[in-house]
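**Student:** Please find one structure pasted underneath; my questions will follow.
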2 protein chains.
Amino acid sequence: MSENAAINRQVLLVSRPQGAASVDNFKLVETPLAPLADGQLRVRNHYLSLDPYMRGRMDDSKSYAASQPLNEVMIGGTVGEVVESKNPKFAVGDKVVGTYGWQEFGTSDGKGLRKVDDTHIPLSAYLGPVGMPGVTAWLGLNKIIEPKAGETVLVSAASGAVGSVVGQLAKAAGCRAVGIAGGADKCRYVTETLGFDACVDYKAGNLYEDLKAALPNGVDGYFENVGGEVLDAVLPRMNAFGRIALCGMVATYDGSPMPLKKPSLLLTQRLKVQGFIVSESPEVWPEALAQLGGLVAQKKLQYRESIAQGLENAPEAFLGLLKGKNFGKQLVKLI
Amino acid sequence: MSENAAINRQVLLVSRPQGAASVDNFKLVETPLAPLADGQLRVRNHYLSLDPYMRGRMDDSKSYAASQPLNEVMIGGTVGEVVESKNPKFAVGDKVVGTYGWQEFGTSDGKGLRKVDDTHIPLSAYLGPVGMPGVTAWLGLNKIIEPKAGETVLVSAASGAVGSVVGQLAKAAGCRAVGIAGGADKCRYVTETLGFDACVDYKAGNLYEDLKAALPNGVDGYFENVGGEVLDAVLPRMNAFGRIALCGMVATYDGSPMPLKKPSLLLTQRLKVQGFIVSESPEVWPEALAQLGGLVAQKKLQYRESIAQGLENAPEAFLGLLKGKNFGKQLVKLI
């Protein structure tokens, strides 16, 4: 962390990955903080959120969301506290959620910034269950899967920031919730702490059979964060008229395309598959955040964080996230 | 055709395909017609419909619609005329659409039989644009693709019974309609007779580039009848928020599964893919048939038939259909 308040430390994207992303794609720089202009405010960021979608932004792709420009501060969600303000809408001490990216201080006119109350909800939760990951879970589950009581909802990366919320909301909706996670520890957390009915360890080497055993009634709704071999293994378990919310395919982000082995199952089982990006459905955020905030404040929604210390460790933590090394929502503590 | 009215000729499924279907899977038999019981009626079938879905029924699959039982008459849609009736709801001379399957005479209690008027609509059209294929087109287009004026709708097997209707309805909805068909003759028919804006010949060996040229604004709605390599080539042309109605994957019916090369495009373009079977949406049939019947009666909907002569030629005509040898709706004339 910076010792000098007049200096802002930032992480820039300086090159695009050829295949797998690496720490060499990033560069830590120190930049002097300019005095505020009228209307501006300055936020000391407490936490930076690291999320799989950032991998897509690192590529120079025309087909997805806008690329991250080279030699600029990496995008990302942040929470922090207003430390200086020449904007009448924000006072020093206000807690805010924004997208200041991978840097210790954010300076802006306040546009897109949201004041939050950390009395009953920890500030970091606004980057997790009461933030983008939580709304992602809410949207995919409620608007694409549309679960009915008694149905089975399956989610991959079940111990993660999105997956953990999907399963808990599915349980609350009266469904059987089943997770897929990497390793015995994560699976135990998914069933014992999050309360899923079952969890399959995809690293145990027996994915097809283990899924079959954990899904005696098949799958009605599948929330996909992973793609690749996991999706191939899930597809034969889908019931007729099943819905697949395609939220992420992290297995495919870092290399050559991974084919889907049996797309004909989409037809024979009359499945609906829908890809989505949560930022494109701003209309659902208020309802989703209100519900998720209530659940967290009442401690009815469990979540877990994996916190890297200091901006300088953000690149490595991000690369670990892409490989599933995190356990819970990946954050970087900046102060 | 049978010379003796007391004999019914039938085609049975006698074995299941190992890989590709063959004529050996079928057997032509002659069966005496039993006298009618009270409440029964007898129909002389004029036309039998041959459709790609029948290939799926030949397999012993648990995951799709019910299998065709061995040593029974192959299922299939038929149109014909009541020749004898002990059922007060049907009179000799009534024209009816039913599913009597691959046989010259149908005998039943009339359940599932629909009387039709062939004054303005030819009887055979009730197996095509004003029957199951037409409703399939209507359903996939209106309930899954939901086209808006100005959008581009693409359909594979565009000269076929379903595809030809999809494109014409899309044009009527104010869309740019583009087809994919096999061979220059079919493509010429699709643009010149059916009025599509463009048609790509998938046999010309330049599918990716030809699609790109025919789709300057990309694809908003894709109606898929083919699957396999055609689907792989179309996917990169899909616009964000595109909809794919998955109606058939005839390329994959006859052998090993064909993988989808880049499923990640479903996510990056936020696509919706939905498989469907028209018989599972009975609620849309009345509206769809009324609209399609009106268009055919007013000659505003063009269609073409490929007619095999005589029940004995049904197996070969069916195998040809699976390979795209037909040109327009494949029928078998039984009388």
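Going through the structure tokens in order, the chains are called A, B, and so on, while each chain numbers its residues from 1 and the ligands are numbered from 1 in the order shown.
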Residues of segment 128-278 of chain A classed as alpha helix (DSSP H) by DSSP on the backbone are to be reported as a PyMOL selection string.
**Tutor:** chain A and resi 132-139+163-172+184-188+207-214+228-234+264-268
**Student:** Please identify all polymer residues within 8 Å of segment 200-215 of chain B, counting only C-alpha atoms, omitting same-chain residues fewer than 3 positions from it, and present them as a ChimeraX atom specification.
**Tutor:** /B:152,178-184,187,218-219,230,233-234,237
**Student:** Which residues of chain A are close to chain B, meaning at most 10 Å apart when you count only C-alpha atoms, and how do they look as a PyMOL selection string?
**Tutor:** chain A and resi 56+61+63-65+144+227-228+236+238-253+256-277+280
**Student:** For the residues in that selection, give me N, CA and C atoms as a compact mmCIF listing (two decimals), in the first residue's frame.
**Tutor:**
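New file selection03.txt:
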```txt
# COMPACT_ATOMS: atom_id res chain seq x y z
N GLY A 56 -12.13 -11.74 -20.37
CA GLY A 56 -12.65 -11.42 -21.71
C GLY A 56 -12.26 -10.02 -22.15
N SER A 61 -11.27 -8.29 -28.66
CA SER A 61 -12.37 -8.97 -29.34
C SER A 61 -13.45 -7.97 -29.69
N SER A 63 -16.48 -9.06 -30.51
CA SER A 63 -17.80 -9.67 -30.36
C SER A 63 -18.38 -9.56 -28.95
N TYR A 64 -17.56 -9.22 -27.97
CA TYR A 64 -18.05 -9.23 -26.60
C TYR A 64 -18.14 -7.78 -26.12
N ALA A 65 -18.25 -7.62 -24.83
CA ALA A 65 -18.19 -6.29 -24.25
C ALA A 65 -16.89 -5.61 -24.66
N ILE A 144 -34.02 -16.57 -16.18
CA ILE A 144 -33.77 -17.57 -17.23
C ILE A 144 -34.18 -18.96 -16.76
N GLY A 227 -18.33 -24.13 -18.22
CA GLY A 227 -18.23 -24.58 -19.61
C GLY A 227 -17.30 -25.77 -19.77
N GLY A 228 -16.89 -26.01 -21.02
CA GLY A 228 -15.93 -27.09 -21.30
C GLY A 228 -16.45 -28.46 -20.91
N PRO A 236 -26.14 -34.43 -20.63
CA PRO A 236 -26.95 -35.66 -20.63
C PRO A 236 -27.84 -35.82 -19.41
N MET A 238 -29.73 -33.32 -18.27
CA MET A 238 -30.81 -32.33 -18.34
C MET A 238 -32.15 -33.01 -18.63
N ASN A 239 -33.16 -32.62 -17.90
CA ASN A 239 -34.52 -33.09 -18.17
C ASN A 239 -35.12 -32.35 -19.35
N ALA A 240 -36.16 -32.93 -19.93
CA ALA A 240 -36.89 -32.26 -20.99
C ALA A 240 -37.35 -30.88 -20.51
N PHE A 241 -37.25 -29.91 -21.38
CA PHE A 241 -37.65 -28.53 -21.10
C PHE A 241 -36.77 -27.86 -20.05
N GLY A 242 -35.55 -28.37 -19.88
CA GLY A 242 -34.61 -27.75 -18.94
C GLY A 242 -34.12 -26.42 -19.46
N ARG A 243 -33.68 -25.58 -18.52
CA ARG A 243 -33.17 -24.24 -18.86
C ARG A 243 -31.73 -24.13 -18.39
N ILE A 244 -30.90 -23.60 -19.27
CA ILE A 244 -29.49 -23.40 -18.92
C ILE A 244 -29.17 -21.91 -19.00
N ALA A 245 -28.84 -21.33 -17.85
CA ALA A 245 -28.40 -19.93 -17.82
C ALA A 245 -26.89 -19.93 -18.01
N LEU A 246 -26.46 -19.36 -19.13
CA LEU A 246 -25.05 -19.39 -19.48
C LEU A 246 -24.42 -18.08 -19.01
N CYS A 247 -23.76 -18.17 -17.88
CA CYS A 247 -23.23 -16.97 -17.22
C CYS A 247 -21.74 -16.83 -17.47
N GLY A 248 -21.04 -17.96 -17.49
CA GLY A 248 -19.60 -17.91 -17.68
C GLY A 248 -19.11 -19.23 -18.23
N MET A 249 -17.99 -19.18 -18.92
CA MET A 249 -17.37 -20.40 -19.42
C MET A 249 -15.88 -20.27 -19.16
N VAL A 250 -15.56 -20.14 -17.88
CA VAL A 250 -14.20 -19.80 -17.48
C VAL A 250 -13.19 -20.83 -17.98
N ALA A 251 -13.63 -22.06 -18.19
CA ALA A 251 -12.72 -23.10 -18.68
C ALA A 251 -12.22 -22.78 -20.08
N THR A 252 -12.96 -21.95 -20.81
CA THR A 252 -12.60 -21.68 -22.20
C THR A 252 -11.94 -20.32 -22.39
N TYR A 253 -11.77 -19.56 -21.31
CA TYR A 253 -11.31 -18.19 -21.49
C TYR A 253 -9.85 -18.11 -21.89
N SER A 256 -7.67 -22.30 -26.47
CA SER A 256 -8.38 -22.62 -27.70
C SER A 256 -9.84 -22.94 -27.37
N PRO A 257 -10.74 -22.75 -28.34
CA PRO A 257 -12.15 -23.02 -28.10
C PRO A 257 -12.38 -24.48 -27.71
N MET A 258 -13.30 -24.70 -26.77
CA MET A 258 -13.64 -26.07 -26.38
C MET A 258 -14.98 -26.43 -26.98
N PRO A 259 -15.01 -27.45 -27.83
CA PRO A 259 -16.29 -27.79 -28.47
C PRO A 259 -17.27 -28.40 -27.48
N LEU A 260 -18.53 -28.30 -27.84
CA LEU A 260 -19.60 -28.96 -27.08
C LEU A 260 -19.84 -30.30 -27.77
N LYS A 261 -19.71 -31.39 -27.01
CA LYS A 261 -19.70 -32.71 -27.65
C LYS A 261 -21.01 -33.11 -28.31
N LYS A 262 -22.12 -32.90 -27.60
CA LYS A 262 -23.40 -33.39 -28.14
C LYS A 262 -24.46 -32.30 -28.18
N PRO A 263 -24.32 -31.33 -29.08
CA PRO A 263 -25.33 -30.27 -29.15
C PRO A 263 -26.72 -30.80 -29.50
N SER A 264 -26.79 -32.00 -30.08
CA SER A 264 -28.11 -32.54 -30.44
C SER A 264 -28.99 -32.75 -29.21
N LEU A 265 -28.37 -32.83 -28.03
CA LEU A 265 -29.18 -32.96 -26.81
C LEU A 265 -30.04 -31.72 -26.57
N LEU A 266 -29.59 -30.57 -27.05
CA LEU A 266 -30.40 -29.35 -26.90
C LEU A 266 -31.74 -29.53 -27.59
N LEU A 267 -31.71 -30.22 -28.71
CA LEU A 267 -32.94 -30.46 -29.45
C LEU A 267 -33.74 -31.60 -28.84
N THR A 268 -33.08 -32.74 -28.63
CA THR A 268 -33.84 -33.91 -28.19
C THR A 268 -34.48 -33.68 -26.82
N GLN A 269 -33.84 -32.87 -25.98
CA GLN A 269 -34.44 -32.58 -24.67
C GLN A 269 -35.18 -31.24 -24.66
N ARG A 270 -35.30 -30.60 -25.81
CA ARG A 270 -36.03 -29.32 -25.92
C ARG A 270 -35.55 -28.34 -24.85
N LEU A 271 -34.25 -28.13 -24.82
CA LEU A 271 -33.66 -27.24 -23.81
C LEU A 271 -33.66 -25.80 -24.29
N LYS A 272 -33.63 -24.90 -23.33
CA LYS A 272 -33.39 -23.49 -23.61
C LYS A 272 -32.03 -23.13 -23.01
N VAL A 273 -31.15 -22.58 -23.82
CA VAL A 273 -29.85 -22.11 -23.35
C VAL A 273 -29.80 -20.61 -23.61
N GLN A 274 -29.46 -19.85 -22.59
CA GLN A 274 -29.42 -18.40 -22.81
C GLN A 274 -28.19 -17.79 -22.14
N GLY A 275 -27.39 -17.11 -22.96
CA GLY A 275 -26.24 -16.39 -22.44
C GLY A 275 -26.68 -15.01 -21.97
N PHE A 276 -26.04 -14.50 -20.94
CA PHE A 276 -26.44 -13.18 -20.46
C PHE A 276 -25.27 -12.49 -19.76
N ILE A 277 -25.38 -11.17 -19.69
CA ILE A 277 -24.42 -10.34 -18.96
C ILE A 277 -25.23 -9.42 -18.06
N GLU A 280 -26.27 -5.77 -18.60
CA GLU A 280 -27.22 -5.42 -19.66
C GLU A 280 -28.68 -5.50 -19.20
```
**Student:** Do a neighbour search on Ala149 of chain A at 12 Å with only C-alpha atoms, toss out local chain neighbours closer than 6 positions, and write the hits as a PyMOL selection string.
**Tutor:** chain A and resi 169-177+220-221
**Student:** Could you list, as a CSV table (one decimal) with N, CA, C and O atoms, in the first residue's frame, every residue within 7 Å of Val92 of chain B, counting only C-alpha atoms and ignoring same-chain residues fewer than 2 positions away?
**Tutor:**
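New file result_36.csv:
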```csv
chain,number,residue,atom,x,y,z
B,82,VAL,N,-62.7,-40.6,-46.2
B,82,VAL,CA,-63.5,-41.6,-45.5
B,82,VAL,C,-64.2,-42.5,-46.5
B,82,VAL,O,-64.9,-41.9,-47.4
B,83,VAL,N,-63.9,-43.8,-46.5
B,83,VAL,CA,-64.5,-44.7,-47.4
B,83,VAL,C,-65.6,-45.6,-46.8
B,83,VAL,O,-66.4,-46.2,-47.5
B,84,GLU,N,-65.6,-45.6,-45.5
B,84,GLU,CA,-66.6,-46.4,-44.8
B,84,GLU,C,-66.7,-45.9,-43.4
B,84,GLU,O,-65.7,-45.5,-42.8
B,85,SER,N,-67.9,-45.8,-42.8
B,85,SER,CA,-68.0,-45.2,-41.5
B,85,SER,C,-69.1,-45.9,-40.7
B,85,SER,O,-70.3,-46.0,-41.2
B,90,PHE,N,-68.5,-38.9,-38.7
B,90,PHE,CA,-67.8,-38.9,-40.0
B,90,PHE,C,-68.6,-39.6,-41.1
B,90,PHE,O,-69.2,-40.7,-40.8
B,94,ASP,N,-65.9,-37.6,-46.5
B,94,ASP,CA,-65.2,-36.6,-45.7
B,94,ASP,C,-63.7,-36.7,-46.0
B,94,ASP,O,-63.1,-37.8,-46.0
```
